[in-house]
Amino acid sequence: MDMKLEVVVIPVSDVDRSKGFYKSLGWRLDADFVAGDGFRVVQLTPPGSPCSVIFGNGVSSAMPGSAAGLYLVVSDIEAARAALARNGVEVSETFHDSGGVFHHAGSKDRVPGPDPERRSYASFASFTDPDGNGWMLQEITERLPGR
């Protein structure tokens, strides 16, 4: 049976500010539904992604800014990083991990610059949304077998 990840909920404190932030990244606004009792759901989708994010009022009990490890896969880490910066996002410099392909949690063992061999899955950059939800760009140019 196929199981597809379609939506990730991110906790935010200000729905309109978050909506503006993600729209400024070029994400498609799919929905903005308001129901009684102040319930509101906003859904946006990154370009080329089959998975969307939702946030709103009454959507999550998690603390705003507590989401971490949200990955956006890109084919060119430097171009993606530059596009974010042009849109006013404070994005880290590109980095790779000193020990190999995947990076350690936090900033442990980060080495400045893309992976020297430009191996797929090995170059990263990070940014946060206005609430501090943590996003990671990961460059993937060739998929692992079976992907």
# chains A, B, ... in the order shown; residues from 1 in each chain; ligands from 1
>>> select_by_dssp(residues="chain A", states="strand (DSSP E or B)", output="PyMOL selection string")
chain A and resi 7-9+28-34+40-45+52-57+70-74+91+95-97+100+110-112+124-128+134-139
>>> residues_around(residues="stretch 41-51 of chain A", least_positions_apart="6", cutoff="12 Å", atoms="only C-alpha atoms", output="ChimeraX atom specification")
/A:4-12,14-35,57-60,70-75,80
>>> closest_residue(among="A:Glu90, A:Glu139, A:Asp37, A:Asp97", to="A:Arg119", atoms="only C-alpha atoms")
A:Glu139
>>> closest_residue(among="A:Met3, A:Leu137, A:Ile77, A:Met63", to="A:Arg118", atoms="only C-alpha atoms")
A:Ile77
>>> atom_distance(atom1="atom CA of A:His96", atom2="atom CA of A:Met136")
12.0 Å
>>> select_by_dssp(residues="stretch 21-59 of chain A", states="helix (DSSP H, G or I)", output="list in words")
Phe21, Tyr22, Lys23, Ser24, Gly36, Asp37 and Gly38 of chain A
>>> write_last_selection(atoms="all heavy atoms", output="CSV table (one decimal), in the first residue's frame")
chain,number,residue,atom,x,y,z
A,21,PHE,N,5.4,35.4,4.5
A,21,PHE,CA,6.7,34.9,4.4
A,21,PHE,C,6.8,33.8,3.4
A,21,PHE,O,7.7,33.8,2.5
A,21,PHE,CB,7.2,34.4,5.8
A,21,PHE,CG,8.6,33.7,5.7
A,21,PHE,CD1,9.7,34.5,5.7
A,21,PHE,CD2,8.7,32.4,5.8
A,21,PHE,CE1,11.0,33.9,5.7
A,21,PHE,CE2,9.9,31.7,5.7
A,21,PHE,CZ,11.1,32.5,5.7
A,22,TYR,N,6.0,32.8,3.5
A,22,TYR,CA,6.1,31.7,2.6
A,22,TYR,C,5.7,32.0,1.2
A,22,TYR,O,6.3,31.5,0.2
A,22,TYR,CB,5.3,30.5,3.1
A,22,TYR,CG,5.9,29.8,4.3
A,22,TYR,CD1,5.5,30.0,5.6
A,22,TYR,CD2,7.1,29.1,4.1
A,22,TYR,CE1,6.1,29.5,6.7
A,22,TYR,CE2,7.8,28.5,5.2
A,22,TYR,CZ,7.3,28.7,6.5
A,22,TYR,OH,7.9,28.2,7.6
A,23,LYS,N,4.7,32.9,1.0
A,23,LYS,CA,4.4,33.4,-0.3
A,23,LYS,C,5.6,34.2,-0.9
A,23,LYS,O,5.8,34.1,-2.1
A,23,LYS,CB,3.1,34.3,-0.3
A,23,LYS,CG,1.9,33.5,-0.2
A,23,LYS,CD,0.6,34.4,-0.2
A,23,LYS,CE,0.5,35.1,-1.5
A,23,LYS,NZ,-0.7,35.9,-1.6
A,24,SER,N,6.3,34.9,-0.1
A,24,SER,CA,7.5,35.6,-0.6
A,24,SER,C,8.6,34.7,-1.1
A,24,SER,O,9.5,35.1,-1.9
A,24,SER,CB,8.1,36.6,0.5
A,24,SER,OG,8.9,35.9,1.4
A,36,GLY,N,-15.8,28.8,12.0
A,36,GLY,CA,-16.3,29.4,13.3
A,36,GLY,C,-15.3,29.3,14.4
A,36,GLY,O,-14.3,28.5,14.3
A,37,ASP,N,-15.4,30.0,15.4
A,37,ASP,CA,-14.6,30.0,16.6
A,37,ASP,C,-13.1,30.4,16.3
A,37,ASP,O,-12.2,29.9,17.1
A,37,ASP,CB,-14.7,28.7,17.3
A,37,ASP,CG,-16.1,28.3,17.8
A,37,ASP,OD1,-16.8,29.3,18.1
A,37,ASP,OD2,-16.4,27.1,17.8
A,38,GLY,N,-12.9,31.1,15.3
A,38,GLY,CA,-11.5,31.6,15.0
A,38,GLY,C,-10.6,30.5,14.4
A,38,GLY,O,-9.4,30.7,14.3
>>> atom_distance(atom1="atom CA of A:Ser120", atom2="atom CA of A:Thr141")
5.2 Å
>>> decode(residues="stretch 45-82 of chain A", atoms="N, CA and C atoms", output="JSON list (two decimals), in the first residue's frame")
[["chain", "number", "residue", "atom", "x", "y", "z"],
["A", 45, "THR", "N", 2.38, 25.40, -0.85],
["A", 45, "THR", "CA", 3.21, 24.33, -1.40],
["A", 45, "THR", "C", 4.45, 24.92, -2.07],
["A", 46, "PRO", "N", 5.64, 24.41, -1.70],
["A", 46, "PRO", "CA", 6.86, 24.86, -2.38],
["A", 46, "PRO", "C", 6.83, 24.48, -3.86],
["A", 47, "PRO", "N", 7.47, 25.26, -4.72],
["A", 47, "PRO", "CA", 7.49, 24.95, -6.15],
["A", 47, "PRO", "C", 8.04, 23.54, -6.40],
["A", 48, "GLY", "N", 7.31, 22.76, -7.18],
["A", 48, "GLY", "CA", 7.76, 21.42, -7.55],
["A", 48, "GLY", "C", 7.54, 20.35, -6.49],
["A", 49, "SER", "N", 6.96, 20.69, -5.36],
["A", 49, "SER", "CA", 6.81, 19.73, -4.27],
["A", 49, "SER", "C", 5.43, 19.09, -4.27],
["A", 50, "PRO", "N", 5.37, 17.77, -4.01],
["A", 50, "PRO", "CA", 4.07, 17.14, -3.83],
["A", 50, "PRO", "C", 3.56, 17.28, -2.39],
["A", 51, "CYS", "N", 4.39, 17.80, -1.50],
["A", 51, "CYS", "CA", 4.03, 17.96, -0.09],
["A", 51, "CYS", "C", 3.84, 19.44, 0.22],
["A", 52, "SER", "N", 2.80, 19.73, 1.00],
["A", 52, "SER", "CA", 2.49, 21.10, 1.39],
["A", 52, "SER", "C", 2.73, 21.30, 2.87],
["A", 53, "VAL", "N", 2.68, 22.55, 3.30],
["A", 53, "VAL", "CA", 2.67, 22.86, 4.73],
["A", 53, "VAL", "C", 1.33, 23.50, 5.04],
["A", 54, "ILE", "N", 0.87, 23.28, 6.26],
["A", 54, "ILE", "CA", -0.30, 24.00, 6.74],
["A", 54, "ILE", "C", 0.02, 24.60, 8.10],
["A", 55, "PHE", "N", -0.64, 25.70, 8.37],
["A", 55, "PHE", "CA", -0.56, 26.36, 9.67],
["A", 55, "PHE", "C", -1.83, 27.16, 9.83],
["A", 56, "GLY", "N", -2.03, 27.69, 10.99],
["A", 56, "GLY", "CA", -3.23, 28.49, 11.20],
["A", 56, "GLY", "C", -3.56, 28.66, 12.66],
["A", 57, "ASN", "N", -4.81, 28.99, 12.93],
["A", 57, "ASN", "CA", -5.31, 29.12, 14.29],
["A", 57, "ASN", "C", -6.07, 27.85, 14.63],
["A", 58, "GLY", "N", -5.70, 27.21, 15.74],
["A", 58, "GLY", "CA", -6.36, 25.98, 16.16],
["A", 58, "GLY", "C", -5.94, 24.76, 15.38],
["A", 59, "VAL", "N", -4.82, 24.85, 14.66],
["A", 59, "VAL", "CA", -4.35, 23.74, 13.82],
["A", 59, "VAL", "C", -3.35, 22.85, 14.57],
["A", 60, "SER", "N", -2.56, 23.45, 15.44],
["A", 60, "SER", "CA", -1.52, 22.71, 16.15],
["A", 60, "SER", "C", -1.44, 23.19, 17.60],
["A", 61, "SER", "N", -1.16, 22.25, 18.49],
["A", 61, "SER", "CA", -0.95, 22.62, 19.88],
["A", 61, "SER", "C", 0.55, 22.80, 20.19],
["A", 62, "ALA", "N", 1.40, 22.58, 19.20],
["A", 62, "ALA", "CA", 2.84, 22.75, 19.38],
["A", 62, "ALA", "C", 3.18, 24.23, 19.54],
["A", 63, "MET", "N", 4.26, 24.51, 20.21],
["A", 63, "MET", "CA", 4.71, 25.89, 20.40],
["A", 63, "MET", "C", 5.20, 26.47, 19.07],
["A", 64, "PRO", "N", 4.80, 27.70, 18.75],
["A", 64, "PRO", "CA", 5.30, 28.33, 17.53],
["A", 64, "PRO", "C", 6.83, 28.31, 17.49],
["A", 65, "GLY", "N", 7.36, 27.95, 16.34],
["A", 65, "GLY", "CA", 8.81, 27.90, 16.16],
["A", 65, "GLY", "C", 9.45, 26.61, 16.60],
["A", 66, "SER", "N", 8.67, 25.62, 17.03],
["A", 66, "SER", "CA", 9.25, 24.38, 17.55],
["A", 66, "SER", "C", 9.54, 23.33, 16.49],
["A", 67, "ALA", "N", 9.11, 23.55, 15.26],
["A", 67, "ALA", "CA", 9.39, 22.58, 14.19],
["A", 67, "ALA", "C", 10.85, 22.71, 13.77],
["A", 68, "ALA", "N", 11.51, 21.58, 13.64],
["A", 68, "ALA", "CA", 12.92, 21.56, 13.22],
["A", 68, "ALA", "C", 13.12, 20.41, 12.24],
["A", 69, "GLY", "N", 14.15, 20.52, 11.44],
["A", 69, "GLY", "CA", 14.47, 19.43, 10.52],
["A", 69, "GLY", "C", 13.50, 19.32, 9.36],
["A", 70, "LEU", "N", 13.00, 20.45, 8.89],
["A", 70, "LEU", "CA", 12.14, 20.47, 7.72],
["A", 70, "LEU", "C", 13.05, 20.62, 6.50],
["A", 71, "TYR", "N", 13.00, 19.67, 5.58],
["A", 71, "TYR", "CA", 13.94, 19.65, 4.47],
["A", 71, "TYR", "C", 13.30, 20.07, 3.16],
["A", 72, "LEU", "N", 14.01, 20.90, 2.43],
["A", 72, "LEU", "CA", 13.67, 21.27, 1.07],
["A", 72, "LEU", "C", 14.81, 20.77, 0.19],
["A", 73, "VAL", "N", 14.50, 19.86, -0.71],
["A", 73, "VAL", "CA", 15.52, 19.29, -1.59],
["A", 73, "VAL", "C", 15.65, 20.19, -2.82],
["A", 74, "VAL", "N", 16.89, 20.50, -3.16],
["A", 74, "VAL", "CA", 17.18, 21.36, -4.31],
["A", 74, "VAL", "C", 18.25, 20.72, -5.18],
["A", 75, "SER", "N", 18.26, 21.08, -6.46],
["A", 75, "SER", "CA", 19.26, 20.51, -7.36],
["A", 75, "SER", "C", 20.54, 21.35, -7.41],
["A", 76, "ASP", "N", 20.46, 22.60, -6.95],
["A", 76, "ASP", "CA", 21.63, 23.48, -6.95],
["A", 76, "ASP", "C", 21.60, 24.30, -5.65],
["A", 77, "ILE", "N", 22.39, 23.91, -4.70],
["A", 77, "ILE", "CA", 22.38, 24.53, -3.37],
["A", 77, "ILE", "C", 22.74, 26.01, -3.42],
["A", 78, "GLU", "N", 23.70, 26.37, -4.24],
["A", 78, "GLU", "CA", 24.12, 27.77, -4.31],
["A", 78, "GLU", "C", 23.03, 28.65, -4.93],
["A", 79, "ALA", "N", 22.38, 28.16, -5.99],
["A", 79, "ALA", "CA", 21.31, 28.93, -6.62],
["A", 79, "ALA", "C", 20.11, 29.07, -5.68],
["A", 80, "ALA", "N", 19.77, 27.99, -4.98],
["A", 80, "ALA", "CA", 18.63, 28.03, -4.05],
["A", 80, "ALA", "C", 18.93, 28.98, -2.90],
["A", 81, "ARG", "N", 20.13, 28.92, -2.37],
["A", 81, "ARG", "CA", 20.53, 29.81, -1.29],
["A", 81, "ARG", "C", 20.47, 31.27, -1.74],
["A", 82, "ALA", "N", 20.98, 31.54, -2.92],
["A", 82, "ALA", "CA", 20.97, 32.91, -3.45],
["A", 82, "ALA", "C", 19.54, 33.41, -3.66]]
